Structures are given as C-alpha cells and as structure tokens.
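Below is one structure; the comments refer to it alone.
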Amino acid sequence: MRLVKSALSVAFFTILSRMTGFVRDVLMAKYIGTGLIMDALVIAIKIPSFLRRIFAEGAFNASFVPLFAGLNVESPKKAQDFMQHILSLMTAILIGVVIVFEILMPLIVKVFLVGAKPELCQLAIFFSRLTFPFILLISLTALFSGVLNSIDKFAIAASSPLAGNLSIIAVLLVFDPLQIAQGTDVAVAIMASGLVQLLWVAIPCWLYGIHPTFRFHSSSSQAVKSFGKRMIPAAIGSGALQINLMIDVMMASLLPIGTNSYLYYADRLYQLPISITGTAMGTVLLPVLSRLWREQKVKSALYTQNRAIEFAMLITLPAMVGLMYLAEPLVHVLFERGKFDAYSTQAVASTVFGFATGLPAYILIKIFSSSFFARQDTLTPILTALASMLINVILNLLLIYKLKHLGIALATSIAAWSNAALLGWLLSRRGLIAFDKPLGHYLVKTGVASAATLGALIIVYSNCRSWIHHTQFFHRISAVGLLVAVGLTVYMVVCYILGCLKFHEYQEHLVTDSHE
C-alpha cells in the first residue's frame with residue numbers, strides 16, 4: 001500500500017465532505033444565525049461529539065485497527081470473529097449509554113452550560129435528547145470504517161461523512177425555512193445522518209465478505225481482552241481531550257449568547273485543513289506504522305514518519321497563513337446572509353484567526369499519536385493530553401474575560417502546541433522518531449513558499465476588497481475564488497522551484513524496505 005496515494009484518496013473524499021459540510025452550515029447560518037436556537041443546537045451537536053471522539057474515532061481506531069489488521073494477516077476468519085465480538089459488545093454498551101444520557105440529559109446540559117440562561121438550557125436539553133442516539137450509530141460506523149481501512153478500502157470509509165452531510169442538506173432544502181429556524185428538524189436530521197453513514201459502510205463490509213452480525217466468540221476472548229487493555233487508557237486520553245473542548249463550551253456559556261455559535265462556525269473553517277491532512281494521514285499512517293513496527297522495520301517506520309510530516313506541512317502551513325489573513329472575507333462570503341449579520345462575521349473571523357494559529361500543532365498531534373498507537377502505547381498520549389488540558393484551563397482563565405471568544409481559541413491553540421511539542425520530545429527520547437536533515441530543509445522551503453503566498457494575498461486583497469463587500473454574491477464569491485487561486489498558484493510555483501513537490505518519490509519509496 002502506498003501511503004500518500006491512500007492519504008490523497010482519504011483527503012479527496014474529506015474535501016468533498018467538508019464542502020458539503022460548508023453548504024450545510026451556510027444554510028444553517030442563513031436560517032438560524034448565531035442566536036439562542038443555534039447556541040442550543042451547538043450544545044446538542046457537541047454532547048454526542050464528545051463521546052464520538054472516545055467511542056468512534058481516536059481511541060477506538062488506535063485500539064481496533066492494529067489488532068484487526070494483525071489478525072487479518074494471520075487468519076481472516078479470526079479477524080471476522082473478533083469484529084463480530086466487538087460489534088456485539090459495543091452495541092450493548094452504547095445502548096446503555098444512550099439510555100442513561102437520555103434520562104440524565106438535564107443534569108448533563110447544566111454541567112456544560114454553567115452560566116447560561118434557563119431558556120438556553122431548556123432548548124439544549126430538548127435538542128440533545130433528539131441528537132444523542134447519533135453516538136450509537138456513528139460508533140458502529142467507526143467500527144466498520146476501521147474494518148474497511150484495515151483492508152485498504154479507505155475511500156468508502158472516508159466518503160461516509162459526505163453521505164451524512166447530503167442527507168442533512170436535503171432536509172434544509174426541502175423543509176419550510178420558518179420550521180427549520182425552530183431547530184427541531186435540524187436536530188432530527190443530525191441524528192438520522194448517523195444512520196445514513198452506518199449503512200454506507202456496513203453494506204460494503206458485507207459485500208467484501210466481512211459479515212457484520214451480532215455474535216460473541218469465545219475464540220476471540222484473548223483479542224478482546226487485548227482490545228480492552230488498549231481501549232480503556234486510550235478512551236481516558238481521548239476523554240481528556242474532550243474535557244478541553246468541554247471547558248471551551250463552559251467558558252463560552254459565561255459569555256454573551258452567541259459565543260458557542262461563533263466557536264462552531266469558526267470550527268467549520270479551521271477543521272478543513274485538519275481533515276485534509278491530519279485525519280487523512282492519521283487514518284492511513286496508523287495501519288502502515290503498525291505493520292512496519294510489527295515487522296521490526298525500524299528505518300522504514302522512521303522514514304515514513306518524516307515523510308508524513310513533510311506531506312502534512314506542505315498543506316498545513318499555507319492553510320494557516322491563508323486562514324489567518326483571509327478569515328474575515330472568508331466568513332463574510334460563506335456565512336453572512338439571512339440571520340447571520342456583520343457582527344457575527346467579525347466575531348467568527350477573530351475566532352478563526354485564533355484557532356488557525358494552532359493548525360500545524362493539531363496535525364502533528366495526530367501524526368505523533370499514530371506513532372505511539374502503532375507501538376500499542378496508548379498511555380503516553382493520555383499523559384500529554386492531560387498536561388494540555390491543564391494548560392488550556394489556565395489560559396482560558398487568563399484570556400477569556402479580556403479577549404472573550406478569541407481568548408478561548410488562542411488558549412486551545414497554545415495548548416495544542418504544548419501537546420505536540422511534548423509528544424515529539426517523548427518520541428525522540430525513545431528513539432521512535434528521528435528528524436532527518438531532508439525534513440528540516442523541507443520545512444524551511446515550505447516556510448519560504450508560505451511567506452511568498454502571504455505577500456501575494458496582501459497585494460491581491462488590497463485590489464479586490466470592494467468585490468468582497470459587493471451586493472452581488474457573484475462578485476463576492478469571485479473575489480474569494482481569485483484570492484484562493486492566486487494563493488495556490490504562487491505557493492505551488494514557489495514549491496516547484498524549491499523542489500518541494502515530490503509526490504512521485506513519496507509514492508515509490510515511502511513504505512518500501514529500501515531504507516532498512
């Protein structure tokens with residue numbers, strides 16, 4: 001399997017998913033805006049999302065994928081028995097979780113919204129009870145996606161969020177806008193999108209001969225125990241990361257109504273490059289490194305990590321520059337219409353700026369964590385996540401009252417940089433990563449290309465600023481398109497001149513044995 005080719009496949013569908021996600025959020029901004037209803041919906045989205053990161057993403061993938069991939073090499077029958085056992089176990093646990101959360105939702109929401117007004121709490125409780133079954137559906141989706149990733153069927157798993165987004169967009173386009181503005185239909189559509197995504201990955205698993213049936217296998221007990229030993233500490237680590245996000249929500253509830261909405265819309269923008277690079281590389285890198293470490297191909301593993309960092313920074317550095325400089329025009333063109341006004345644009349744009357300062361750190365955390373997970377070490381990322389959480393709490397307390405939503409974003413970014421630095425340092429000390437000279441030279445070159453891109457953006461934006469604020473949408477979107485096109489062209493040309501575009505080299509040598 002070729003790492004970059006697979007990562008590009010994941011990135012392609014992730015881009016499509018994010019594009020449809022933007023369409024979904026543009027429609028939500030138009031009909032709902034940034035007020036009381038949207039704040040309540042944000043809470044209803046975040047509560048299952050917090051558990052999603054534990055049951056359906058990092059912790060689960062870090063524990064399940066290496067085990068399933070290893071068993072599949074030894075015996076496909078053992079791998080399928082293991083999958084069926086985990087499927088049955090997870091379903092039973094998650095049904096219990098859903099029941100408990102539905103009953104205790106008033107208490108849970110009040111923990112999130114410590115300083116919120118009663119009307120916001122009541123709406124958030126109602127919406128959260130509608131959206132929460134999503135966690136069961138998306139967690140099972142993650143299991144089948146992990147199976148598909150383990151057999152190198154990355155595109156199917158990566159395209160499932162696209163299907164989910166399209167189902168929500170259909171509701172937003174078909175239903176009455178006045179009804180959508182009340183929020184209930186959106187909450188139901190979010191829950192239903194989980195079912196769409198589950199079917200999207202479960203059916204291909206069946207077609208590939210991996211039958212998703214509910215059955216406990218005694219022969220899989222040892223593998224299940226091993227899964228539990230990895231999953232529990234990994235879940236604790238992911239839980240620590242989610243506490244960071246919960247702290248952001250709690251801090252936002254102390255600020256005026258609309259703050260959680262600002263954080264939500266800003267998240268949609270800065271998460272795009274994270275999805276393209278971090279999620280794509282993390283998804284593909286974990287099974288690759290798992291195989292390399294299992295086969296004790298140390299040099300290939302170290303080489304792979306360095307090239308993964310190169311490829312990630314190739315996309316992330318210009319994205320950081322672009323988002324920081326173009327935050328206001330991007331938010332204005334994408335979201336400012338209907339109930340999303342100019343004040344909301346300024347608030348969301350400043351939040352995007354704060355989050356964008358941490359973009360490279362978010363990507364590095366995903367890559368470095370994959371290096372630990374591939375070695376079946378889930379404890380170390382827990383400890384670094386806990387340290388990051390403490391830093392985030394302290395910085396929030398120091399920055400929130402003066403900088404408000406911008407302070408929350410900056411605290412998150414600084415905490416992410418601290419986490420990435422600590423993970424990288426620990427990898428280096430243990431000999432699990434070795435930053436080579438080509439990597440250093442590459443980062444300097446991409447830094448130069450990013451600086452050239454910023455210069456080009458400054459010149460172009462100064463000449464098309466009037467288009468950004470034109471009354472005609474065609475002029476506004478054309479201006480943004482011009483800025484993006486010029487930025488990409490300048491960056492790619494400079495990268496080509498400096499020799500940064502070496503996709504062919506990645507494809508041919510990234511995971512071969514030639515480095516042993």
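For the structure tokens, the naming scheme is as follows: chains receive sequential letters (A, B, ...) according to their order of presentation, residues are indexed from 1 within each chain, and ligands are indexed from 1 in presentation order.
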Neighbouring residues of Ile394 of chain A were defined as those with any atom within 12 Å, considering only C-alpha atoms; residues of the same chain fewer than 3 positions away were excluded. Please report them as a PDB file with N, CA, C and O atoms, in the first residue's frame.
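Writing the result to around16.pdb gives the following:
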ATOM      1  N   ASN A 244     -11.037  19.257  27.386  1.00  0.00           N
ATOM      2  CA  ASN A 244     -10.567  20.542  26.853  1.00  0.00           C
ATOM      3  C   ASN A 244     -11.679  21.244  26.087  1.00  0.00           C
ATOM      4  O   ASN A 244     -11.927  22.439  26.268  1.00  0.00           O
ATOM      5  N   ILE A 247     -14.432  22.386  28.355  1.00  0.00           N
ATOM      6  CA  ILE A 247     -14.040  23.620  29.050  1.00  0.00           C
ATOM      7  C   ILE A 247     -14.323  24.828  28.166  1.00  0.00           C
ATOM      8  O   ILE A 247     -14.810  25.865  28.641  1.00  0.00           O
ATOM      9  N   ASP A 248     -14.029  24.695  26.874  1.00  0.00           N
ATOM     10  CA  ASP A 248     -14.317  25.798  25.941  1.00  0.00           C
ATOM     11  C   ASP A 248     -15.807  26.125  25.926  1.00  0.00           C
ATOM     12  O   ASP A 248     -16.204  27.295  25.931  1.00  0.00           O
ATOM     13  N   MET A 251     -16.754  27.804  29.223  1.00  0.00           N
ATOM     14  CA  MET A 251     -16.286  29.195  29.242  1.00  0.00           C
ATOM     15  C   MET A 251     -17.161  30.058  28.345  1.00  0.00           C
ATOM     16  O   MET A 251     -17.497  31.197  28.686  1.00  0.00           O
ATOM     17  N   ALA A 387      -1.786  17.012  30.367  1.00  0.00           N
ATOM     18  CA  ALA A 387      -0.976  18.222  30.528  1.00  0.00           C
ATOM     19  C   ALA A 387      -1.534  19.355  29.672  1.00  0.00           C
ATOM     20  O   ALA A 387      -1.608  20.512  30.112  1.00  0.00           O
ATOM     21  N   SER A 388      -1.941  19.017  28.444  1.00  0.00           N
ATOM     22  CA  SER A 388      -2.528  20.016  27.554  1.00  0.00           C
ATOM     23  C   SER A 388      -3.825  20.567  28.132  1.00  0.00           C
ATOM     24  O   SER A 388      -4.106  21.767  28.029  1.00  0.00           O
ATOM     25  N   MET A 389      -4.620  19.688  28.742  1.00  0.00           N
ATOM     26  CA  MET A 389      -5.875  20.114  29.349  1.00  0.00           C
ATOM     27  C   MET A 389      -5.632  21.138  30.452  1.00  0.00           C
ATOM     28  O   MET A 389      -6.327  22.160  30.541  1.00  0.00           O
ATOM     29  N   LEU A 390      -4.647  20.885  31.287  1.00  0.00           N
ATOM     30  CA  LEU A 390      -4.327  21.813  32.374  1.00  0.00           C
ATOM     31  C   LEU A 390      -3.899  23.177  31.830  1.00  0.00           C
ATOM     32  O   LEU A 390      -4.330  24.225  32.323  1.00  0.00           O
ATOM     33  N   ILE A 391      -3.075  23.158  30.786  1.00  0.00           N
ATOM     34  CA  ILE A 391      -2.636  24.404  30.161  1.00  0.00           C
ATOM     35  C   ILE A 391      -3.827  25.164  29.592  1.00  0.00           C
ATOM     36  O   ILE A 391      -3.939  26.392  29.726  1.00  0.00           O
ATOM     37  N   LEU A 397      -8.715  30.861  31.727  1.00  0.00           N
ATOM     38  CA  LEU A 397      -8.975  31.739  32.857  1.00  0.00           C
ATOM     39  C   LEU A 397      -8.238  33.075  32.716  1.00  0.00           C
ATOM     40  O   LEU A 397      -8.723  34.118  33.161  1.00  0.00           O
ATOM     41  N   LEU A 398      -7.075  33.028  32.082  1.00  0.00           N
ATOM     42  CA  LEU A 398      -6.285  34.251  31.916  1.00  0.00           C
ATOM     43  C   LEU A 398      -6.787  35.122  30.762  1.00  0.00           C
ATOM     44  O   LEU A 398      -6.673  36.349  30.813  1.00  0.00           O
ATOM     45  N   LEU A 399      -7.338  34.498  29.706  1.00  0.00           N
ATOM     46  CA  LEU A 399      -7.625  35.233  28.472  1.00  0.00           C
ATOM     47  C   LEU A 399      -9.095  35.535  28.218  1.00  0.00           C
ATOM     48  O   LEU A 399      -9.421  36.474  27.489  1.00  0.00           O
ATOM     49  N   ILE A 400      -9.991  34.761  28.801  1.00  0.00           N
ATOM     50  CA  ILE A 400     -11.388  34.819  28.379  1.00  0.00           C
ATOM     51  C   ILE A 400     -12.056  36.161  28.647  1.00  0.00           C
ATOM     52  O   ILE A 400     -12.794  36.682  27.803  1.00  0.00           O
ATOM     53  N   GLY A 407     -10.014  34.672  23.038  1.00  0.00           N
ATOM     54  CA  GLY A 407      -9.212  34.075  24.106  1.00  0.00           C
ATOM     55  C   GLY A 407      -9.390  32.572  24.191  1.00  0.00           C
ATOM     56  O   GLY A 407      -8.420  31.834  24.416  1.00  0.00           O
ATOM     57  N   ILE A 408     -10.630  32.103  23.999  1.00  0.00           N
ATOM     58  CA  ILE A 408     -10.879  30.662  24.012  1.00  0.00           C
ATOM     59  C   ILE A 408     -10.120  29.982  22.878  1.00  0.00           C
ATOM     60  O   ILE A 408      -9.489  28.927  23.065  1.00  0.00           O
ATOM     61  N   LEU A 410      -7.403  31.072  21.229  1.00  0.00           N
ATOM     62  CA  LEU A 410      -5.956  31.138  21.441  1.00  0.00           C
ATOM     63  C   LEU A 410      -5.504  30.142  22.507  1.00  0.00           C
ATOM     64  O   LEU A 410      -4.440  29.520  22.374  1.00  0.00           O
ATOM     65  N   ALA A 411      -6.288  29.998  23.554  1.00  0.00           N
ATOM     66  CA  ALA A 411      -5.946  29.032  24.599  1.00  0.00           C
ATOM     67  C   ALA A 411      -5.896  27.620  24.032  1.00  0.00           C
ATOM     68  O   ALA A 411      -4.992  26.837  24.344  1.00  0.00           O
ATOM     69  N   THR A 412      -6.854  27.289  23.167  1.00  0.00           N
ATOM     70  CA  THR A 412      -6.888  25.970  22.537  1.00  0.00           C
ATOM     71  C   THR A 412      -5.649  25.748  21.672  1.00  0.00           C
ATOM     72  O   THR A 412      -5.033  24.673  21.703  1.00  0.00           O
ATOM     73  N   ILE A 414      -2.617  27.293  21.836  1.00  0.00           N
ATOM     74  CA  ILE A 414      -1.387  27.212  22.632  1.00  0.00           C
ATOM     75  C   ILE A 414      -1.290  25.864  23.332  1.00  0.00           C
ATOM     76  O   ILE A 414      -0.218  25.248  23.406  1.00  0.00           O
ATOM     77  N   ALA A 415      -2.430  25.372  23.850  1.00  0.00           N
ATOM     78  CA  ALA A 415      -2.437  24.056  24.485  1.00  0.00           C
ATOM     79  C   ALA A 415      -2.083  22.963  23.477  1.00  0.00           C
ATOM     80  O   ALA A 415      -1.385  21.996  23.807  1.00  0.00           O
TER      81      ALA A 415
END
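Among the candidates A:Ala155, A:Leu172, A:Ile45, A:Leu269, the residue lying nearest to Ala349 of chain A is A:Leu269 (atoms considered: only C-alpha atoms).
Using only C-alpha atoms, the residues found no farther than 10 Å from Thr184 of chain A, other than those of its own chain fewer than 6 positions away, are Ile37, Leu41, Leu123, Phe126, Phe127, Leu130 and Thr131 of chain A.
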Would you put the residues from that selection into a file with all heavy atoms, as an mmCIF file, in the first residue's frame?
data_model
loop_
_atom_site.group_PDB
_atom_site.id
_atom_site.type_symbol
_atom_site.label_atom_id
_atom_site.label_comp_id
_atom_site.auth_asym_id
_atom_site.auth_seq_id
_atom_site.Cartn_x
_atom_site.Cartn_y
_atom_site.Cartn_z
ATOM 1 N N ILE A 37 -31.237 29.776 19.385
ATOM 2 C CA ILE A 37 -31.507 28.471 18.777
ATOM 3 C C ILE A 37 -30.200 27.798 18.356
ATOM 4 O O ILE A 37 -29.979 26.611 18.618
ATOM 5 C CB ILE A 37 -32.444 28.610 17.559
ATOM 6 C CG1 ILE A 37 -33.787 29.212 17.976
ATOM 7 C CG2 ILE A 37 -32.649 27.258 16.885
ATOM 8 C CD1 ILE A 37 -34.606 28.339 18.879
ATOM 9 N N LEU A 41 -28.444 24.308 19.557
ATOM 10 C CA LEU A 41 -28.094 23.246 18.621
ATOM 11 C C LEU A 41 -26.619 22.876 18.720
ATOM 12 O O LEU A 41 -26.246 21.697 18.596
ATOM 13 C CB LEU A 41 -28.423 23.673 17.190
ATOM 14 C CG LEU A 41 -29.885 23.520 16.748
ATOM 15 C CD1 LEU A 41 -30.096 24.149 15.382
ATOM 16 C CD2 LEU A 41 -30.289 22.042 16.720
ATOM 17 N N LEU A 123 -33.831 24.556 25.848
ATOM 18 C CA LEU A 123 -33.732 24.215 24.423
ATOM 19 C C LEU A 123 -32.616 23.194 24.181
ATOM 20 O O LEU A 123 -32.779 22.253 23.396
ATOM 21 C CB LEU A 123 -33.459 25.479 23.608
ATOM 22 C CG LEU A 123 -34.669 26.232 23.065
ATOM 23 C CD1 LEU A 123 -34.222 27.504 22.353
ATOM 24 C CD2 LEU A 123 -35.480 25.356 22.117
ATOM 25 N N PHE A 126 -33.731 19.681 25.143
ATOM 26 C CA PHE A 126 -34.661 19.131 24.156
ATOM 27 C C PHE A 126 -33.931 18.671 22.900
ATOM 28 O O PHE A 126 -34.113 17.542 22.419
ATOM 29 C CB PHE A 126 -35.719 20.174 23.811
ATOM 30 C CG PHE A 126 -36.670 19.742 22.739
ATOM 31 C CD1 PHE A 126 -37.541 18.676 22.937
ATOM 32 C CD2 PHE A 126 -36.692 20.390 21.513
ATOM 33 C CE1 PHE A 126 -38.423 18.274 21.937
ATOM 34 C CE2 PHE A 126 -37.565 20.000 20.514
ATOM 35 C CZ PHE A 126 -38.436 18.931 20.727
ATOM 36 N N PHE A 127 -33.079 19.534 22.358
ATOM 37 C CA PHE A 127 -32.347 19.189 21.146
ATOM 38 C C PHE A 127 -31.374 18.029 21.393
ATOM 39 O O PHE A 127 -31.198 17.155 20.538
ATOM 40 C CB PHE A 127 -31.573 20.397 20.620
ATOM 41 C CG PHE A 127 -32.445 21.493 20.061
ATOM 42 C CD1 PHE A 127 -31.990 22.807 20.013
ATOM 43 C CD2 PHE A 127 -33.715 21.223 19.581
ATOM 44 C CE1 PHE A 127 -32.778 23.824 19.500
ATOM 45 C CE2 PHE A 127 -34.521 22.227 19.067
ATOM 46 C CZ PHE A 127 -34.055 23.535 19.029
ATOM 47 N N LEU A 130 -32.802 14.635 21.207
ATOM 48 C CA LEU A 130 -33.066 14.229 19.826
ATOM 49 C C LEU A 130 -31.799 13.762 19.120
ATOM 50 O O LEU A 130 -31.823 12.799 18.342
ATOM 51 C CB LEU A 130 -33.693 15.391 19.050
ATOM 52 C CG LEU A 130 -35.099 15.837 19.471
ATOM 53 C CD1 LEU A 130 -35.526 17.073 18.689
ATOM 54 C CD2 LEU A 130 -36.111 14.716 19.273
ATOM 55 N N THR A 131 -30.688 14.434 19.367
ATOM 56 C CA THR A 131 -29.448 14.130 18.635
ATOM 57 C C THR A 131 -28.638 13.001 19.252
ATOM 58 O O THR A 131 -27.829 12.381 18.561
ATOM 59 C CB THR A 131 -28.545 15.367 18.558
ATOM 60 O OG1 THR A 131 -28.190 15.791 19.884
ATOM 61 C CG2 THR A 131 -29.228 16.511 17.821
#
Choose the residue, out of A:Ile95, A:Cys121, A:Ile274, A:Leu334, that has the smallest atom-to-atom separation from Leu107 of chain A; count only C-alpha atoms. A:Cys121
Excluding segment 432-442 of chain A and its own-chain neighbours fewer than 5 positions away, which residues fall within 10 Å of it when counting only C-alpha atoms? Please give them as an MDAnalysis selection string. chainID A and resid 298:299 301:311 313:314 368 371:372 375 424:427 447:448 495 498:500
Using only C-alpha atoms, determine which residues lie at most 12 Å from Leu89 of chain A, disregarding the query and same-chain residues fewer than 2 positions distant; provide the list as a PyMOL selection string. chain A and resi 82-87+91-96+139-140+143+213-217+221+224-225+227-228
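Nearest to Pro48 of chain A of all the residues A:Leu136, A:Ala452, A:Leu386, A:Leu403 is A:Leu136, based on only C-alpha atoms.
Each of A:Ile99, A:Leu36, A:Leu457, A:Ala347 was checked against Leu120 of chain A using only C-alpha atoms; the smallest atom-to-atom distance is that of A:Leu36.
Interatomic distance, atom CA of Pro360 of chain A to atom CA of His332 of chain A: 24.7 Å.
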Rank nothing, just name the residue among A:Trp293, A:Tyr491, A:Cys205, A:Leu71 nearest to Gln376 of chain A, using only C-alpha atoms. A:Trp293
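Taking only C-alpha atoms into account, Val333 of chain A lies nearest to A:His475 out of the set A:Lys117, A:Arg24, A:His475, A:Lys153.
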Hey, what's within 9 Å of Ile180 of chain A if we count only C-alpha atoms and toss same-chain stuff fewer than 3 positions away? As a PyMOL selection string, please? chain A and resi 28+31-32+171-172+175-177+183-186
From segment 98-234 of chain A, collect each residue whose DSSP state is helix (DSSP H, G or I) and return the set as a VMD selection string. chain A and resid 98 to 112 118 to 131 134 to 150 154 to 174 177 to 180 184 to 207 218 to 234
